[in-house]
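Since the structure comes first, as structure tokens, the remarks are kept for the end.
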Amino acid sequence: MKAVRFHEYGDPSVLRYEDVEQPVPGAGQVLIRVAATSFNGVDGNIRGGFMQGPIPVTLPHTPGIDVSGTVDALGEGVSGLEIGDRVVGFLPMAGVGAAAEYVVAPAEILTPAPRSIPLPDAAALPLVGLTAWQALFDHAKLAQGQRVLINGAGGAVGGYAVQLAKNAGAYVIATAGPRSSEHVETAGADEVVDHTATEVTAAVTEPVDVVLNLAPIEPAQLAALLTLIRSGGVLVNTTVWMPAPSDDPRGVRGIDLFVNSDAEQLSRLVTLVDSGELRVDVAQRVPLAELPAVHTRAATGELHGKVVIVAPRPAPDPHPTAH
């Protein structure tokens, strides 16, 4: 089968589109014929060798944490799934990824894919959707009527976070640049602050209950966001290289989010997609062979919106069984 792998850490030129052995599912595993994976910022950090502590991958490594596809084979002891099922999942971060025609996945991470969108587009949902869900509900305990500031709402996580916070009945203030402000408004933000034109600390005049920081800002800027949070509130930070600050005298907690795969939460997101309450935005669909170019564009800051990486369609069987 075809896959994209890197044999050593480095810049995007280390990625190779090559032939590899098709994997076989072991006990508790499922073989998925990949429809698509997606590009996430962490993929570039793993490839560059910057995540060897928290995400120790084995070289050569196939990237691609998100997967959508169809069940092709079942390992021993797998129940609740059948060959041909359309599934979506968040693969183990340190394991073999889905930038390939096939991937093996633990059965328990998979959930039925949304029916209302094309199967490849479903690969845009797991990692970023779960990041938004876990930040708002597991960590910030966001409740109806609360005020939330989503800093850096123009990216893929931000789009889901704005929609989920609005669905939960929160008042949503979002920061975004001119390029993505319309996108953030469409997602349902009550106020949009153009961070290129005004300082967010000056634009937010009433305290918020929750700040969700998704932006790669300076530590001093992150600390300044604490001043916008009412006593007893929460700052959830997703930029893992910079720890979240707290304000202990006022009981404002800083939480660093490291997203987890959770099939039950993912199935709730899928339900919201199929009910029309959550929109999956895909900026671009790129063939698997062109994944190195996507990494290059991300490294130079030219990648905007969520990019889905579509696996090659299998060639038709030259000797079909006669009926």
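Every chain in the structure tokens has a letter given in the order shown (A, B, ...), and although residue numbers restart at 1 in each chain, ligands are simply numbered from 1 in the order shown.
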
Can you list, as a VMD selection string, every residue of segment 2-197 of chain A that DSSP puts in strand (DSSP E)?
-> chain A and resid 2 to 6 15 to 19 29 to 38 66 to 74 86 to 90 102 to 106 110 to 112 147 to 151 171 to 176 191 to 194

Tell me which protein, DNA and RNA residues are within 7 Å of segment 244-255 of chain A, counting only C-alpha atoms, leaving out same-chain ones fewer than 6 positions away, and put them as a VMD selection string.
-> chain A and resid 223 231 to 237

Find the residue from A:Arg285, A:His61, A:Arg115, A:Arg147 that sits nearest to Gly95 of chain A; use only C-alpha atoms when measuring.
->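 Using only C-alpha atoms, Gly95 of chain A sits closest to A:His61.
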
Leaving out segment 295-300 of chain A and any residue of its chain fewer than 4 positions from it, which residues lie within 12 Å of it when counting only C-alpha atoms, given as a VMD selection string?
-> chain A and resid 4 10 to 16 38 to 48 63 to 64 286 288 to 291 304 to 307 309

Grab the residues selected above and save them as a JSON list (two decimals), in the first residue's frame with N, CA and C atoms.
[["chain", "number", "residue", "atom", "x", "y", "z"],
["A", 4, "VAL", "N", 2.71, 7.84, 3.49],
["A", 4, "VAL", "CA", 3.73, 8.88, 3.65],
["A", 4, "VAL", "C", 4.42, 8.64, 4.99],
["A", 10, "GLY", "N", 13.07, 16.08, 10.96],
["A", 10, "GLY", "CA", 13.62, 17.19, 10.19],
["A", 10, "GLY", "C", 12.53, 18.03, 9.57],
["A", 11, "ASP", "N", 12.93, 18.84, 8.59],
["A", 11, "ASP", "CA", 11.96, 19.72, 7.92],
["A", 11, "ASP", "C", 11.06, 18.88, 7.00],
["A", 12, "PRO", "N", 10.07, 19.48, 6.33],
["A", 12, "PRO", "CA", 9.12, 18.69, 5.54],
["A", 12, "PRO", "C", 9.76, 17.82, 4.45],
["A", 13, "SER", "N", 11.00, 18.12, 4.05],
["A", 13, "SER", "CA", 11.65, 17.31, 3.01],
["A", 13, "SER", "C", 11.92, 15.87, 3.45],
["A", 14, "VAL", "N", 11.82, 15.58, 4.76],
["A", 14, "VAL", "CA", 12.05, 14.19, 5.22],
["A", 14, "VAL", "C", 10.85, 13.28, 4.92],
["A", 15, "LEU", "N", 9.72, 13.86, 4.54],
["A", 15, "LEU", "CA", 8.52, 13.05, 4.26],
["A", 15, "LEU", "C", 8.65, 12.36, 2.90],
["A", 16, "ARG", "N", 8.33, 11.07, 2.88],
["A", 16, "ARG", "CA", 8.43, 10.30, 1.62],
["A", 16, "ARG", "C", 7.11, 9.57, 1.36],
["A", 38, "SER", "N", -6.19, 14.11, 8.39],
["A", 38, "SER", "CA", -6.14, 15.57, 8.26],
["A", 38, "SER", "C", -4.79, 16.05, 8.76],
["A", 39, "PHE", "N", -4.47, 17.30, 8.44],
["A", 39, "PHE", "CA", -3.23, 17.89, 8.97],
["A", 39, "PHE", "C", -3.56, 18.63, 10.26],
["A", 40, "ASN", "N", -2.78, 18.36, 11.30],
["A", 40, "ASN", "CA", -2.86, 19.10, 12.56],
["A", 40, "ASN", "C", -1.50, 19.71, 12.84],
["A", 41, "GLY", "N", -1.48, 20.86, 13.51],
["A", 41, "GLY", "CA", -0.22, 21.52, 13.82],
["A", 41, "GLY", "C", 0.78, 20.62, 14.52],
["A", 42, "VAL", "N", 0.27, 19.73, 15.37],
["A", 42, "VAL", "CA", 1.16, 18.84, 16.13],
["A", 42, "VAL", "C", 1.93, 17.90, 15.19],
["A", 43, "ASP", "N", 1.37, 17.62, 14.00],
["A", 43, "ASP", "CA", 2.07, 16.74, 13.05],
["A", 43, "ASP", "C", 3.42, 17.32, 12.67],
["A", 44, "GLY", "N", 3.46, 18.63, 12.47],
["A", 44, "GLY", "CA", 4.73, 19.27, 12.12],
["A", 44, "GLY", "C", 5.72, 19.23, 13.27],
["A", 45, "ASN", "N", 5.20, 19.38, 14.49],
["A", 45, "ASN", "CA", 6.07, 19.34, 15.67],
["A", 45, "ASN", "C", 6.64, 17.94, 15.90],
["A", 46, "ILE", "N", 5.80, 16.91, 15.65],
["A", 46, "ILE", "CA", 6.28, 15.53, 15.78],
["A", 46, "ILE", "C", 7.36, 15.26, 14.74],
["A", 47, "ARG", "N", 7.08, 15.63, 13.48],
["A", 47, "ARG", "CA", 8.03, 15.41, 12.38],
["A", 47, "ARG", "C", 9.35, 16.14, 12.63],
["A", 48, "GLY", "N", 9.26, 17.33, 13.21],
["A", 48, "GLY", "CA", 10.47, 18.11, 13.48],
["A", 48, "GLY", "C", 11.30, 17.57, 14.63],
["A", 63, "PRO", "N", 2.62, 9.79, 9.75],
["A", 63, "PRO", "CA", 1.81, 10.74, 10.51],
["A", 63, "PRO", "C", 0.30, 10.55, 10.25],
["A", 64, "GLY", "N", -0.51, 11.41, 10.85],
["A", 64, "GLY", "CA", -1.95, 11.38, 10.62],
["A", 64, "GLY", "C", -2.71, 10.84, 11.82],
["A", 286, "VAL", "N", -6.67, 17.49, -0.14],
["A", 286, "VAL", "CA", -5.39, 17.31, -0.84],
["A", 286, "VAL", "C", -5.08, 15.82, -0.95],
["A", 288, "LEU", "N", -3.10, 12.30, -0.87],
["A", 288, "LEU", "CA", -2.07, 11.82, 0.06],
["A", 288, "LEU", "C", -0.66, 12.10, -0.44],
["A", 289, "ALA", "N", -0.42, 11.92, -1.73],
["A", 289, "ALA", "CA", 0.94, 12.11, -2.26],
["A", 289, "ALA", "C", 1.44, 13.54, -2.06],
["A", 290, "GLU", "N", 0.52, 14.48, -1.87],
["A", 290, "GLU", "CA", 0.91, 15.89, -1.72],
["A", 290, "GLU", "C", 1.01, 16.34, -0.26],
["A", 291, "LEU", "N", 0.96, 15.38, 0.68],
["A", 291, "LEU", "CA", 1.08, 15.74, 2.10],
["A", 291, "LEU", "C", 2.37, 16.51, 2.42],
["A", 304, "HIS", "N", -4.04, 27.85, 5.84],
["A", 304, "HIS", "CA", -5.17, 28.47, 6.54],
["A", 304, "HIS", "C", -6.38, 27.55, 6.47],
["A", 305, "GLY", "N", -7.00, 27.32, 7.61],
["A", 305, "GLY", "CA", -8.17, 26.45, 7.64],
["A", 305, "GLY", "C", -7.76, 24.99, 7.71],
["A", 306, "LYS", "N", -8.77, 24.13, 7.84],
["A", 306, "LYS", "CA", -8.52, 22.70, 8.04],
["A", 306, "LYS", "C", -8.31, 22.00, 6.70],
["A", 307, "VAL", "N", -7.21, 21.28, 6.60],
["A", 307, "VAL", "CA", -6.88, 20.56, 5.37],
["A", 307, "VAL", "C", -7.05, 19.06, 5.60],
["A", 309, "ILE", "N", -6.57, 15.24, 4.10],
["A", 309, "ILE", "CA", -5.63, 14.52, 3.23],
["A", 309, "ILE", "C", -6.32, 13.24, 2.77]]

Excluding Gly158 of chain A and any residue of its chain fewer than 4 positions from it, enumerate the residues within 10 Å of it, using only C-alpha atoms, and give them as a ChimeraX atom specification.
-> /A:128-129,131-132,150-154,162-164,174-176,184,187,212-215

Can you list, as JSON, numbers by chain, every protein, DNA or RNA residue that comes within 12 Å of Ile109 of chain A when you count only C-alpha atoms, leaving out same-chain residues fewer than 3 positions away?
-> {"A": [28, 29, 30, 65, 66, 67, 68, 81, 87, 88, 89, 90, 91, 92, 93, 104, 105, 106, 112, 126, 127, 260, 261, 262, 263, 264, 265, 266, 267]}

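Near Asp194 of chain A, within 10 Å and counting only C-alpha atoms, sit Ala174, Thr175, Ala176, Gly177, Pro178, Arg179, Ser180, Ser181, Glu191, Ala197, Thr198, Glu199, Val200 and Ala203 of chain A, not including residues fewer than 3 positions from it in the same chain.
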
Fewer than 6 positions away in the same chain doesn't count, so skip those; otherwise give me all residues within 7 Å of segment 167-170 of chain A, counting only C-alpha atoms, as a list in words.
->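 That gives Ala143, Gln144, Gly145, Gln146, Arg147 and Val148 of chain A.
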
How would the residues just chosen look if you wrote them out with N, CA and C atoms as a CSV table (one decimal), in the first residue's frame?
chain,number,residue,atom,x,y,z
A,143,ALA,N,-21.0,26.6,31.4
A,143,ALA,CA,-22.4,26.5,31.6
A,143,ALA,C,-23.2,27.6,30.9
A,144,GLN,N,-24.5,27.3,30.7
A,144,GLN,CA,-25.3,28.3,30.1
A,144,GLN,C,-25.3,29.7,30.8
A,145,GLY,N,-25.3,30.7,30.0
A,145,GLY,CA,-25.3,32.1,30.6
A,145,GLY,C,-23.9,32.6,31.0
A,146,GLN,N,-22.8,31.8,30.9
A,146,GLN,CA,-21.5,32.2,31.2
A,146,GLN,C,-20.9,33.0,30.0
A,147,ARG,N,-19.9,33.8,30.3
A,147,ARG,CA,-19.2,34.5,29.2
A,147,ARG,C,-17.8,33.8,29.0
A,148,VAL,N,-17.5,33.6,27.7
A,148,VAL,CA,-16.3,32.9,27.4
A,148,VAL,C,-15.5,33.7,26.3

From segment 4-155 of chain A, collect each residue whose DSSP state is alpha helix (DSSP H) and return the set as JSON, numbers by chain.
-> {"A": [41, 42, 43, 44, 45, 46, 47, 126, 127, 128, 129, 130, 131, 132, 133]}
